[in-house]
Amino acid sequence: MKILVPVKRVPAPETRIRLLPDGSGLDESDVTWVVNPFDEIALEEALRLRDEHDVEEIVVVSVGPAEWAEQVRRGLAMGADRGVLVEHDAAVDSLVVARILQAVVLREKPDLVLMGKQAIDDDSSQVGPMLSALLGWPQATFISRLELTGTVATCTRETDSGLQRVEVDLPAVLTTDLRLNEPRYVALPGILRARKKPLGVLSIEDLGIDASPRTRVLGYTPPPARPAGVMVASVEELVTRLRDEARVI
């Protein structure tokens with residue numbers, strides 16, 4: 001079995017986000033970049049599957065500028081066997097990323113694509129379902145448990161109404177939720193070994209696809225400032241304010 005794990009470069013969750021003065025994008029002057037946490041969960045699950053099943057190769061792939069190779073190397077340090085960076089400097093939307101990943105899948109021919117359910121920077125949660133549709137593969141999204149039996153994946157999905165258990169035949173696209181596992185700590189030996197693992201670089205021309213986005217971000221605005229809190233002198237005053245002033249949003 002071969003598993004492909006897409007990873008995305010995102011600001012670290014603890015990074016303070018600042019916008020450029022004109023609202024055209026993110027001020028990257030003091031941003032720490034990491035692998036999208038949901039993608040780390042997907043890679044961790046692929047590594048655990050390798051411990052339990054006949055997984056011959058785990059490949060991590062990313063789509064972005066040359067510096068995104070750092071996050072691919074992070075995936076190799078965690079334990080992936082090989083990395084692929086589709087180097088692309090232009091802006092992309094979810095459909096472009098899905099089309100690029102489709103081309104990579106057709107080249108790599110994996111039995112399973114494991115990826116995070118969403119990226120923490122845009123929260124679109126679109127690439128996995130789009131990739132499934134483009135490939136014509138079954139999908140299971142938001143999985144919090146995964147069991148493999150031969151060529152069948154049994155997935156427990158987290159939904160608004162509770163847990164749902166579904167079975168999909170491989171090859172398939174699965175997107176991982178937060179409670180699936182806890183990614184391992186990357187120690188120094190893993191980082192050193194990652195330097196010797198192969199990391200291939202592809203271009204959009206190599207894949208032969210049109211990477212023109214169909215959507216365009218017009219601008220960014222910060223959320224409105226929260227109003228200041230009010231101190232009350234007694235429980236009675238609190239009850240009165242809740243009764244007379246509080247609104248149901």
# chains A, B, ... in the order shown; residues from 1 in each chain; ligands from 1
>>> residues_around(residues="Glu147 in chain A", least_positions_apart="2", cutoff="12 Å", atoms="only C-alpha atoms", output="JSON, numbers by chain")
{"A": [45, 46, 48, 49, 52, 53, 143, 144, 145, 149, 150, 151, 152, 153, 154, 155, 156, 165, 166, 167, 168, 169, 174, 180]}
>>> select_by_dssp(residues="range 95-240 of chain A", states="helix (DSSP H, G or I)", output="MDAnalysis selection string")
chainID A and resid 95:108 127:135 178:180 188:194 204:207 235:240
>>> write_last_selection(atoms="N, CA and C atoms", output="CSV table (one decimal), in the first residue's frame")
chain,number,residue,atom,x,y,z
A,95,LEU,N,-9.8,24.9,-5.5
A,95,LEU,CA,-9.9,24.1,-6.7
A,95,LEU,C,-8.6,23.9,-7.4
A,96,VAL,N,-7.7,25.0,-7.4
A,96,VAL,CA,-6.4,24.8,-8.1
A,96,VAL,C,-5.6,23.8,-7.3
A,97,VAL,N,-5.6,23.9,-6.0
A,97,VAL,CA,-4.9,23.0,-5.1
A,97,VAL,C,-5.4,21.5,-5.4
A,98,ALA,N,-6.7,21.4,-5.5
A,98,ALA,CA,-7.2,20.0,-5.7
A,98,ALA,C,-6.8,19.5,-7.1
A,99,ARG,N,-6.8,20.4,-8.1
A,99,ARG,CA,-6.4,19.9,-9.4
A,99,ARG,C,-4.9,19.6,-9.4
A,100,ILE,N,-4.1,20.3,-8.7
A,100,ILE,CA,-2.7,20.0,-8.6
A,100,ILE,C,-2.5,18.6,-7.9
A,101,LEU,N,-3.2,18.4,-6.8
A,101,LEU,CA,-3.1,17.2,-6.1
A,101,LEU,C,-3.6,16.0,-7.0
A,102,GLN,N,-4.6,16.3,-7.8
A,102,GLN,CA,-5.1,15.2,-8.7
A,102,GLN,C,-4.0,14.8,-9.6
A,103,ALA,N,-3.3,15.8,-10.2
A,103,ALA,CA,-2.2,15.4,-11.1
A,103,ALA,C,-1.1,14.6,-10.4
A,104,VAL,N,-0.8,15.0,-9.1
A,104,VAL,CA,0.2,14.3,-8.4
A,104,VAL,C,-0.3,12.9,-8.1
A,105,VAL,N,-1.5,12.7,-7.7
A,105,VAL,CA,-2.1,11.4,-7.5
A,105,VAL,C,-2.0,10.5,-8.7
A,106,LEU,N,-2.3,11.1,-9.9
A,106,LEU,CA,-2.2,10.3,-11.1
A,106,LEU,C,-0.8,9.9,-11.4
A,107,ARG,N,0.2,10.7,-11.0
A,107,ARG,CA,1.6,10.3,-11.1
A,107,ARG,C,2.1,9.3,-10.1
A,108,GLU,N,1.7,9.5,-8.9
A,108,GLU,CA,2.2,8.6,-7.8
A,108,GLU,C,1.4,7.3,-7.6
A,127,VAL,N,-10.6,21.2,-0.1
A,127,VAL,CA,-9.7,20.5,-1.0
A,127,VAL,C,-9.9,19.0,-1.0
A,128,GLY,N,-10.2,18.4,0.2
A,128,GLY,CA,-10.4,17.0,0.2
A,128,GLY,C,-11.6,16.6,-0.6
A,129,PRO,N,-12.8,17.1,-0.3
A,129,PRO,CA,-13.9,16.8,-1.2
A,129,PRO,C,-13.8,17.1,-2.7
A,130,MET,N,-13.1,18.2,-3.0
A,130,MET,CA,-12.9,18.5,-4.4
A,130,MET,C,-12.0,17.5,-5.0
A,131,LEU,N,-10.9,17.1,-4.3
A,131,LEU,CA,-10.0,16.1,-4.9
A,131,LEU,C,-10.7,14.7,-5.1
A,132,SER,N,-11.5,14.4,-4.1
A,132,SER,CA,-12.3,13.1,-4.3
A,132,SER,C,-13.2,13.2,-5.5
A,133,ALA,N,-13.8,14.3,-5.8
A,133,ALA,CA,-14.7,14.4,-6.9
A,133,ALA,C,-13.9,14.4,-8.2
A,134,LEU,N,-12.8,15.1,-8.3
A,134,LEU,CA,-12.0,15.1,-9.5
A,134,LEU,C,-11.4,13.7,-9.8
A,135,LEU,N,-11.1,12.9,-8.8
A,135,LEU,CA,-10.5,11.6,-9.0
A,135,LEU,C,-11.6,10.5,-9.2
A,178,LEU,N,-9.7,16.3,14.6
A,178,LEU,CA,-8.7,16.6,15.7
A,178,LEU,C,-8.5,15.4,16.6
A,179,ARG,N,-9.6,14.6,16.9
A,179,ARG,CA,-9.5,13.6,17.9
A,179,ARG,C,-9.0,12.2,17.3
A,180,LEU,N,-8.5,12.2,16.1
A,180,LEU,CA,-8.0,10.9,15.5
A,180,LEU,C,-6.8,10.4,16.3
A,188,LEU,N,15.7,15.1,17.4
A,188,LEU,CA,16.8,15.4,16.5
A,188,LEU,C,17.2,14.3,15.5
A,189,PRO,N,17.3,13.1,15.9
A,189,PRO,CA,17.6,12.0,14.9
A,189,PRO,C,16.7,12.0,13.7
A,190,GLY,N,15.4,12.2,13.9
A,190,GLY,CA,14.5,12.3,12.8
A,190,GLY,C,14.8,13.5,11.9
A,191,ILE,N,15.1,14.6,12.5
A,191,ILE,CA,15.4,15.8,11.7
A,191,ILE,C,16.7,15.5,10.9
A,192,LEU,N,17.7,14.9,11.4
A,192,LEU,CA,18.9,14.6,10.7
A,192,LEU,C,18.7,13.6,9.6
A,193,ARG,N,17.8,12.6,9.8
A,193,ARG,CA,17.5,11.6,8.8
A,193,ARG,C,16.8,12.2,7.7
A,194,ALA,N,15.9,13.2,8.0
A,194,ALA,CA,15.1,13.9,7.0
A,194,ALA,C,15.9,14.5,5.9
A,204,ILE,N,4.3,23.4,-12.2
A,204,ILE,CA,3.0,23.3,-12.9
A,204,ILE,C,3.1,22.8,-14.3
A,205,GLU,N,4.2,23.2,-15.0
A,205,GLU,CA,4.4,22.8,-16.3
A,205,GLU,C,4.6,21.3,-16.4
A,206,ASP,N,5.3,20.7,-15.4
A,206,ASP,CA,5.6,19.3,-15.3
A,206,ASP,C,4.3,18.5,-15.2
A,207,LEU,N,3.3,19.1,-14.5
A,207,LEU,CA,2.0,18.4,-14.3
A,207,LEU,C,1.1,18.7,-15.5
A,235,VAL,N,-25.2,40.8,42.9
A,235,VAL,CA,-26.0,39.8,42.1
A,235,VAL,C,-27.3,40.4,41.6
A,236,GLU,N,-27.9,41.2,42.4
A,236,GLU,CA,-29.2,41.8,42.0
A,236,GLU,C,-29.0,42.7,40.8
A,237,GLU,N,-27.9,43.5,40.8
A,237,GLU,CA,-27.7,44.3,39.6
A,237,GLU,C,-27.4,43.5,38.4
A,238,LEU,N,-26.6,42.4,38.6
A,238,LEU,CA,-26.4,41.5,37.4
A,238,LEU,C,-27.7,40.9,36.8
A,239,VAL,N,-28.5,40.5,37.7
A,239,VAL,CA,-29.8,39.9,37.3
A,239,VAL,C,-30.6,41.0,36.5
A,240,THR,N,-30.6,42.2,37.0
A,240,THR,CA,-31.4,43.3,36.4
A,240,THR,C,-30.8,43.6,35.0
>>> residues_around(residues="range 66-74 of chain A", least_positions_apart="5", cutoff="8 Å", atoms="only C-alpha atoms", output="list of chain:residue names")
A:Val7, A:Lys8, A:Arg9, A:Val34, A:Val35, A:Val60, A:Val61, A:Gly83, A:Val84, A:Leu85, A:Glu87, A:His88, A:Ile191, A:Ala194, A:Arg195, A:Leu199
>>> write_last_selection(atoms="N, CA and C atoms", output="short mmCIF file (atom, residue, chain, number, x, y, z; two decimals), in the first residue's frame")
data_model
loop_
_atom_site.label_atom_id
_atom_site.label_comp_id
_atom_site.auth_asym_id
_atom_site.auth_seq_id
_atom_site.Cartn_x
_atom_site.Cartn_y
_atom_site.Cartn_z
N VAL A 7 0.36 18.27 2.75
CA VAL A 7 0.59 19.13 3.92
C VAL A 7 0.64 20.58 3.45
N LYS A 8 0.21 21.46 4.32
CA LYS A 8 0.17 22.89 3.99
C LYS A 8 0.97 23.69 5.02
N ARG A 9 1.62 24.74 4.56
CA ARG A 9 2.36 25.66 5.43
C ARG A 9 1.39 26.73 5.93
N VAL A 34 4.42 26.66 10.35
CA VAL A 34 4.41 25.26 10.76
C VAL A 34 3.59 24.45 9.75
N VAL A 35 3.62 23.14 9.92
CA VAL A 35 2.72 22.28 9.17
C VAL A 35 1.31 22.42 9.74
N VAL A 60 4.79 12.63 1.34
CA VAL A 60 4.18 13.92 1.70
C VAL A 60 4.33 14.86 0.52
N VAL A 61 3.29 15.64 0.26
CA VAL A 61 3.31 16.55 -0.88
C VAL A 61 2.77 17.90 -0.45
N GLY A 83 9.35 13.07 -0.13
CA GLY A 83 8.60 14.31 -0.22
C GLY A 83 8.51 14.81 -1.65
N VAL A 84 7.43 15.53 -1.94
CA VAL A 84 7.24 16.17 -3.25
C VAL A 84 6.75 17.59 -2.99
N LEU A 85 7.43 18.56 -3.60
CA LEU A 85 6.99 19.95 -3.55
C LEU A 85 6.62 20.39 -4.95
N GLU A 87 6.27 23.36 -6.81
CA GLU A 87 6.68 24.75 -6.59
C GLU A 87 5.81 25.67 -7.43
N HIS A 88 5.13 26.58 -6.72
CA HIS A 88 4.19 27.49 -7.40
C HIS A 88 4.07 28.74 -6.56
N ILE A 191 15.11 14.61 12.49
CA ILE A 191 15.43 15.79 11.69
C ILE A 191 16.68 15.55 10.85
N ALA A 194 15.92 13.21 7.99
CA ALA A 194 15.09 13.86 6.95
C ALA A 194 15.95 14.54 5.90
N ARG A 195 17.15 14.98 6.27
CA ARG A 195 18.03 15.67 5.32
C ARG A 195 18.48 14.74 4.19
N LEU A 199 13.52 14.50 -1.77
CA LEU A 199 12.49 15.52 -1.87
C LEU A 199 12.50 16.02 -3.32
#
